[in-house]
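Asker: My structure is stored as coords04.txt, with compact mmCIF, C-alpha atoms.
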# COMPACT_ATOMS: atom_id res chain seq x y z
CA MET A 2 0.00 0.00 0.00
CA ASN A 3 1.03 3.61 -0.57
CA ILE A 4 0.66 5.57 2.66
CA ALA A 5 1.16 9.30 3.15
CA VAL A 6 2.16 10.05 6.75
CA ILE A 7 1.46 13.68 7.58
CA GLY A 8 3.67 14.72 10.48
CA GLY A 9 5.83 11.77 9.48
CA THR A 10 9.05 13.21 10.90
CA GLY A 11 7.82 13.53 14.51
CA LEU A 12 7.91 11.25 17.55
CA ILE A 13 5.09 8.96 16.43
CA GLY A 14 5.20 9.63 12.70
CA SER A 15 8.82 8.63 12.20
CA GLN A 16 8.17 5.29 13.92
CA VAL A 17 4.99 4.73 11.90
CA VAL A 18 6.93 5.27 8.67
CA LYS A 19 9.61 2.82 9.80
CA ASN A 20 7.02 0.21 10.82
CA LEU A 21 5.10 0.43 7.56
CA ASP A 22 8.19 0.26 5.39
CA ALA A 23 9.43 -2.76 7.36
CA ALA A 24 6.08 -4.46 6.70
CA GLY A 25 6.52 -4.05 2.95
CA HIS A 26 4.40 -0.96 2.37
CA SER A 27 5.54 2.33 0.87
CA ALA A 28 5.22 5.04 3.56
CA THR A 29 6.23 8.60 2.77
CA PRO A 30 6.76 11.14 5.57
CA HIS A 31 5.44 14.66 4.97
CA SER A 32 5.96 17.79 7.06
CA LEU A 33 7.04 21.40 6.73
CA SER A 34 10.62 20.15 6.52
CA THR A 35 9.75 18.11 3.40
CA GLY A 36 7.94 21.03 1.76
CA VAL A 37 4.35 20.17 2.70
CA ASP A 38 2.34 22.89 4.45
CA ILE A 39 -1.07 21.65 5.60
CA ILE A 40 -2.15 25.19 6.53
CA SER A 41 -1.37 26.95 3.24
CA GLY A 42 -1.90 23.76 1.23
CA GLN A 43 1.51 23.97 -0.42
CA GLY A 44 2.61 20.55 -1.67
CA LEU A 45 -0.48 18.82 -0.29
CA ASP A 46 -2.01 17.55 -3.54
CA GLU A 47 1.33 16.02 -4.46
CA ALA A 48 1.75 14.50 -1.00
CA VAL A 49 -1.55 12.61 -1.02
CA GLY A 50 -1.73 11.94 -4.76
CA GLY A 51 -1.52 8.21 -5.35
CA ALA A 52 -1.90 7.38 -1.64
CA ASP A 53 -4.22 4.59 -0.59
CA VAL A 54 -4.12 5.79 3.01
CA VAL A 55 -3.42 9.11 4.73
CA VAL A 56 -2.24 9.01 8.35
CA ASN A 57 -2.47 12.46 9.94
CA LEU A 58 -0.14 12.84 12.93
CA ALA A 59 0.45 16.59 12.55
CA ASN A 60 0.01 18.58 15.74
CA SER A 61 -0.85 22.16 16.53
CA PRO A 62 2.19 24.31 17.36
CA THR A 63 0.27 25.70 20.35
CA PHE A 64 -2.11 24.25 22.92
CA ASP A 65 -4.09 27.45 23.52
CA ALA A 66 -7.16 29.07 21.99
CA SER A 67 -5.49 29.22 18.57
CA SER A 68 -5.31 25.42 18.27
CA PRO A 69 -8.89 24.94 16.96
CA GLU A 70 -8.12 27.08 13.93
CA PHE A 71 -5.04 24.98 13.19
CA PHE A 72 -7.04 21.78 13.17
CA ARG A 73 -9.96 23.28 11.23
CA THR A 74 -7.75 24.63 8.45
CA SER A 75 -5.44 21.63 8.25
CA MET A 76 -8.29 19.11 8.21
CA ASP A 77 -10.25 21.08 5.61
CA ASN A 78 -7.17 21.09 3.38
CA LEU A 79 -6.23 17.47 4.00
CA LEU A 80 -9.75 16.13 3.48
CA ALA A 81 -10.24 18.14 0.30
CA ALA A 82 -6.94 16.85 -1.13
CA SER A 83 -7.70 13.29 0.00
CA GLY A 84 -11.14 13.38 -1.60
CA LYS A 85 -9.68 14.54 -4.92
CA ALA A 86 -7.04 11.81 -4.74
CA ASN A 87 -9.61 9.10 -4.00
CA VAL A 88 -7.85 8.15 -0.76
CA GLN A 89 -9.54 5.08 0.72
CA HIS A 90 -8.70 5.47 4.42
CA PHE A 91 -7.82 8.45 6.62
CA VAL A 92 -6.35 7.84 10.09
CA VAL A 93 -6.06 10.40 12.90
CA LEU A 94 -4.40 10.06 16.30
CA SER A 95 -6.40 11.61 19.15
CA ILE A 96 -6.62 11.41 22.95
CA VAL A 97 -8.57 9.19 25.36
CA GLY A 98 -11.16 11.32 27.15
CA VAL A 99 -10.77 14.19 24.68
CA ASP A 100 -14.51 14.86 24.52
CA LYS A 101 -14.85 15.04 28.32
CA VAL A 102 -12.51 17.96 29.09
CA PRO A 103 -14.23 21.06 27.68
CA ALA A 104 -12.19 23.36 29.93
CA MET A 105 -9.03 22.69 27.89
CA ASP A 106 -8.66 24.58 24.59
CA TYR A 107 -6.47 21.90 23.02
CA TYR A 108 -8.89 19.09 23.85
CA ARG A 109 -11.77 21.05 22.30
CA ALA A 110 -9.57 21.49 19.23
CA LYS A 111 -8.96 17.76 18.96
CA VAL A 112 -12.70 17.09 19.25
CA LEU A 113 -13.17 19.49 16.34
CA GLN A 114 -10.59 17.53 14.36
CA GLU A 115 -12.45 14.29 15.04
CA ASP A 116 -15.79 15.83 14.06
CA LEU A 117 -14.41 17.18 10.78
CA LEU A 118 -13.01 13.74 9.95
CA LYS A 119 -16.31 12.01 10.72
CA ALA A 120 -18.19 14.45 8.46
CA GLY A 121 -15.61 14.24 5.67
CA PRO A 122 -15.62 12.34 2.37
CA VAL A 123 -13.11 9.60 3.25
CA PRO A 124 -13.57 6.37 5.27
CA TYR A 125 -11.76 6.93 8.54
CA SER A 126 -10.28 5.54 11.72
CA ILE A 127 -9.64 7.48 14.94
CA VAL A 128 -7.08 6.07 17.37
CA ARG A 129 -7.37 7.65 20.81
CA ALA A 130 -4.32 7.14 23.03
CA THR A 131 -3.65 7.95 26.67
CA GLN A 132 -0.76 10.21 27.74
CA PHE A 133 2.58 9.27 26.20
CA MET A 134 5.28 8.06 28.59
CA GLU A 135 7.73 10.29 26.71
CA PHE A 136 5.75 13.36 27.81
CA MET A 137 5.30 12.46 31.46
CA ASP A 138 8.46 14.20 32.68
CA ALA A 139 7.30 17.46 31.09
CA VAL A 140 3.81 17.04 32.54
CA ILE A 141 5.22 16.30 35.97
CA SER A 142 7.63 19.25 35.87
CA SER A 143 5.09 21.74 34.50
CA SER A 144 4.16 22.86 38.03
CA ALA A 145 7.67 22.81 39.49
CA ASP A 146 8.66 25.41 42.08
CA GLY A 147 12.30 25.04 43.06
CA ASP A 148 12.78 21.69 44.77
CA THR A 149 9.04 21.02 44.92
CA VAL A 150 6.61 19.85 42.27
CA ARG A 151 2.90 20.19 42.95
CA LEU A 152 0.77 17.54 41.30
CA PRO A 153 -2.91 16.58 41.39
CA ARG A 154 -4.21 13.08 41.98
CA THR A 155 -5.58 12.95 38.42
CA PRO A 156 -5.47 9.32 37.25
CA VAL A 157 -3.32 8.70 34.15
CA GLN A 158 -2.57 5.55 32.17
CA PRO A 159 0.68 6.24 30.30
CA ILE A 160 1.48 4.49 27.03
CA ALA A 161 4.83 4.17 25.27
CA ALA A 162 5.18 6.04 21.97
CA ALA A 163 6.51 2.88 20.33
CA ASP A 164 3.31 1.04 21.26
CA VAL A 165 1.19 3.91 19.90
CA ALA A 166 3.13 3.84 16.64
CA ALA A 167 2.74 0.07 16.34
CA ILE A 168 -1.03 0.22 16.73
CA VAL A 169 -1.45 3.23 14.44
CA SER A 170 0.57 1.34 11.81
CA GLU A 171 -1.66 -1.70 12.21
CA VAL A 172 -4.83 0.38 11.91
CA ALA A 173 -3.51 2.20 8.85
CA VAL A 174 -3.25 -0.98 6.78
CA GLY A 175 -6.53 -2.45 7.99
CA ASP A 176 -10.09 -1.70 6.99
CA ALA A 177 -11.41 1.72 7.99
CA LEU A 178 -13.12 1.54 11.39
CA ASN A 179 -15.45 4.46 10.69
CA GLY A 180 -15.23 4.78 14.46
CA VAL A 181 -12.83 5.06 17.39
CA LEU A 182 -10.24 2.67 18.83
CA GLU A 183 -9.02 3.57 22.32
CA ILE A 184 -5.56 2.42 23.40
CA ALA A 185 -3.79 2.75 26.75
CA GLY A 186 -0.87 1.61 28.80
CA PRO A 187 -1.36 -1.38 31.12
CA ASP A 188 -1.17 0.54 34.44
CA ILE A 189 -3.13 3.40 36.02
CA TYR A 190 -1.47 5.83 38.45
CA PRO A 191 -2.56 8.97 40.26
CA LEU A 192 -0.34 11.66 38.76
CA ASP A 193 1.21 12.60 42.10
CA GLU A 194 2.23 8.98 42.74
CA LEU A 195 3.56 8.73 39.19
CA GLY A 196 5.68 11.79 39.88
CA ARG A 197 7.21 10.20 42.98
CA LEU A 198 7.85 6.95 41.11
CA THR A 199 9.52 8.83 38.26
CA PHE A 200 11.72 10.92 40.52
CA THR A 201 12.86 7.87 42.48
CA ALA A 202 13.74 5.98 39.31
CA LYS A 203 15.71 8.91 37.92
CA GLY A 204 17.41 9.88 41.17
CA ASP A 205 15.62 13.24 41.09
CA THR A 206 15.71 14.73 44.60
CA ARG A 207 12.71 17.00 44.15
CA SER A 208 9.70 16.30 46.33
CA VAL A 209 6.10 15.94 45.15
CA VAL A 210 3.34 17.75 47.00
CA THR A 211 -0.22 16.61 46.29
CA ASP A 212 -2.25 19.59 45.09
CA ASP A 213 -5.44 18.92 43.16
CA ALA A 214 -5.44 22.47 41.78
CA ALA A 215 -1.93 22.33 40.32
CA GLY A 216 -0.75 21.88 36.74
CA MET A 217 -2.45 21.48 33.40
CA LEU A 218 -4.15 18.19 34.26
CA ALA A 219 -5.89 19.69 37.30
CA ALA A 220 -8.73 20.72 34.98
CA VAL A 221 -9.41 17.10 34.08
CA PRO A 222 -12.47 15.71 35.88
CA GLY A 223 -12.38 12.27 37.47
CA ASP A 224 -10.67 9.48 35.60
CA VAL A 225 -11.54 10.49 32.03
CA LEU A 226 -7.90 10.21 30.87
CA THR A 227 -7.97 6.47 31.58
CA ASN A 228 -9.90 3.56 30.14
CA ALA A 229 -9.47 0.14 31.67
CA GLY A 230 -11.51 -1.29 28.79
CA ALA A 231 -9.23 0.11 26.10
CA ARG A 232 -6.88 -2.03 24.07
CA LEU A 233 -3.91 -2.31 26.42
CA ALA A 234 -0.38 -1.89 25.11
CA PRO A 235 2.33 -4.19 26.53
CA THR A 236 4.90 -1.73 27.90
CA HIS A 237 4.74 -0.97 31.63
CA TYR A 238 5.88 2.46 32.78
CA THR A 239 8.38 1.03 35.25
CA ASP A 240 9.99 -1.06 32.50
CA TRP A 241 10.09 1.97 30.20
CA LEU A 242 11.77 4.04 32.94
CA ALA A 243 14.38 1.32 33.42
Starting from the file, lay out its structure as structure tokens.

Answerer:
Amino acid sequence: MNIAVIGGTGLIGSQVVKNLDAAGHSATPHSLSTGVDIISGQGLDEAVGGADVVVNLANSPTFDASSPEFFRTSMDNLLAASGKANVQHFVVLSIVGVDKVPAMDYYRAKVLQEDLLKAGPVPYSIVRATQFMEFMDAVISSSADGDTVRLPRTPVQPIAAADVAAIVSEVAVGDALNGVLEIAGPDIYPLDELGRLTFTAKGDTRSVVTDDAAGMLAAVPGDVLTNAGARLAPTHYTDWLA
């Protein structure tokens, strides 16, 4: 199969391209660095022309109130180009619980992306993943104050980027779901406990103070970022840390 991977030079995209090529498909990475601009449309018709599948892993450069416009414009352009090219399957990577956190601009933007895909002209699959293990250190440190990090008890279920890429690759070459597949890591942790576990494993001497009003995940209600019924990836966070 010929597969156009938009955002194919990033953390997930580069691994998806590698996986697909190794499986005998022809995966081409596209990004600003390869001359494809999904906002202006430059190079887009050429990027998706001849593709059986488009995998969209491009992300907004910001997570604030400007992110919805990024996803609206990019999806309008990508779907129009894919429709013209008779693409048979369009895959998007989203977030578990994305439709249950209306207080976060970026999550509302991702819901918009999903809705545009569902209403578009191409059969589709949406893969919703939990928080990437690779991002947990940044999440944990986002509310650092000197030698102290304040973290809420928000439950998270971290998943390794390699596992995300493997499942996205699998979905890309399968039949369109015309629906959502949720994927997650095998273990659920309160974020404050995850912070302590991470610091201990890394020899980080900072202390974690439980504060349910601290950090970007404080706005998340209940356990919406987890899903025990999701398809569980194999990599445990403690093994990934090691």

Asker: Excluding A:Thr206 and its own-chain neighbours fewer than 6 positions away, which residues fall within 12 Å of it when counting only C-alpha atoms? Please give them as JSON, numbers by chain.

Answerer: {"A": [147, 148, 149, 150, 196, 197, 198, 199, 200]}

Asker: Work out how far apart atom CA of A:Asp146 and atom CA of A:Pro103 are and give it in Å to one decimal.

Answerer: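 Rounded to one decimal, the two atoms are 27.4 Å apart.
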
Asker: Using 8 Å as the limit and counting only C-alpha atoms, can you tabulate each residue of stretch 122-145 of chain A that touches stretch 72-95 of chain A, with its shortest atom-to-atom distance in Å and the two atoms involved, as CSV?

Answerer:
residue,atom,partner,partner_atom,distance
A:Pro122,CA,A:Gly84,CA,6.1
A:Val123,CA,A:His90,CA,6.2
A:Pro124,CA,A:His90,CA,5.0
A:Tyr125,CA,A:Phe91,CA,4.6
A:Ser126,CA,A:Val92,CA,4.8
A:Ile127,CA,A:Val93,CA,5.1
A:Val128,CA,A:Leu94,CA,4.9
A:Arg129,CA,A:Ser95,CA,4.4
A:Ala130,CA,A:Ser95,CA,6.3

Asker: What is the distance between atom CA of A:Val97 and atom CA of A:Glu183, in Å to one decimal?

Answerer: 6.4 Å

Asker: Looking at A:Glu115, A:Glu70, A:Asp212, A:Asp100, which one is nearest to A:Ser144, with distances taken over all atoms listed in the file?

Answerer: A:Asp212

Asker: One decimal, in Å: what's the spacing between atom CA of A:Pro153 and atom CA of A:Ala166?

Answerer: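 These atoms are spaced 28.5 Å apart.
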
Asker: Set the distance at 12 Å and use all atoms listed in the file: which residues neighbour A:Val17 once local chain neighbours fewer than 6 positions away are removed? I'd like the list as a VMD selection string.

Answerer: chain A and resid 4 to 11 23 to 24 26 to 30 55 to 58 92 94 162 to 174

Asker: If the box runs along x, y and z of the file and leaves 4 Å on each side of stretch 223-230 of chain A, what are its centre and edge lengths in Å, one decimal, as AutoDock Vina command-line options?

Answerer:
--center_x -10.1 --center_y 5.5 --center_z 33.1 --size_x 12.5 --size_y 21.6 --size_z 16.7

Asker: Using only C-alpha atoms, which residues sit within 7 Å of A:Arg154 once same-chain residues fewer than 5 positions away are excluded, as a list in words?

Answerer: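 My list of contacting residues is Pro191, Leu192, Asp193, Thr211 and Asp213 of chain A.
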
Asker: What would the list of residues within 10 Å of (-13.5, 12.1, 27.0) (file frame) look like as a PyMOL selection string, if all atoms listed in the file are what count?

Answerer: chain A and resi 96-103+108+112+129+221-222+224-228
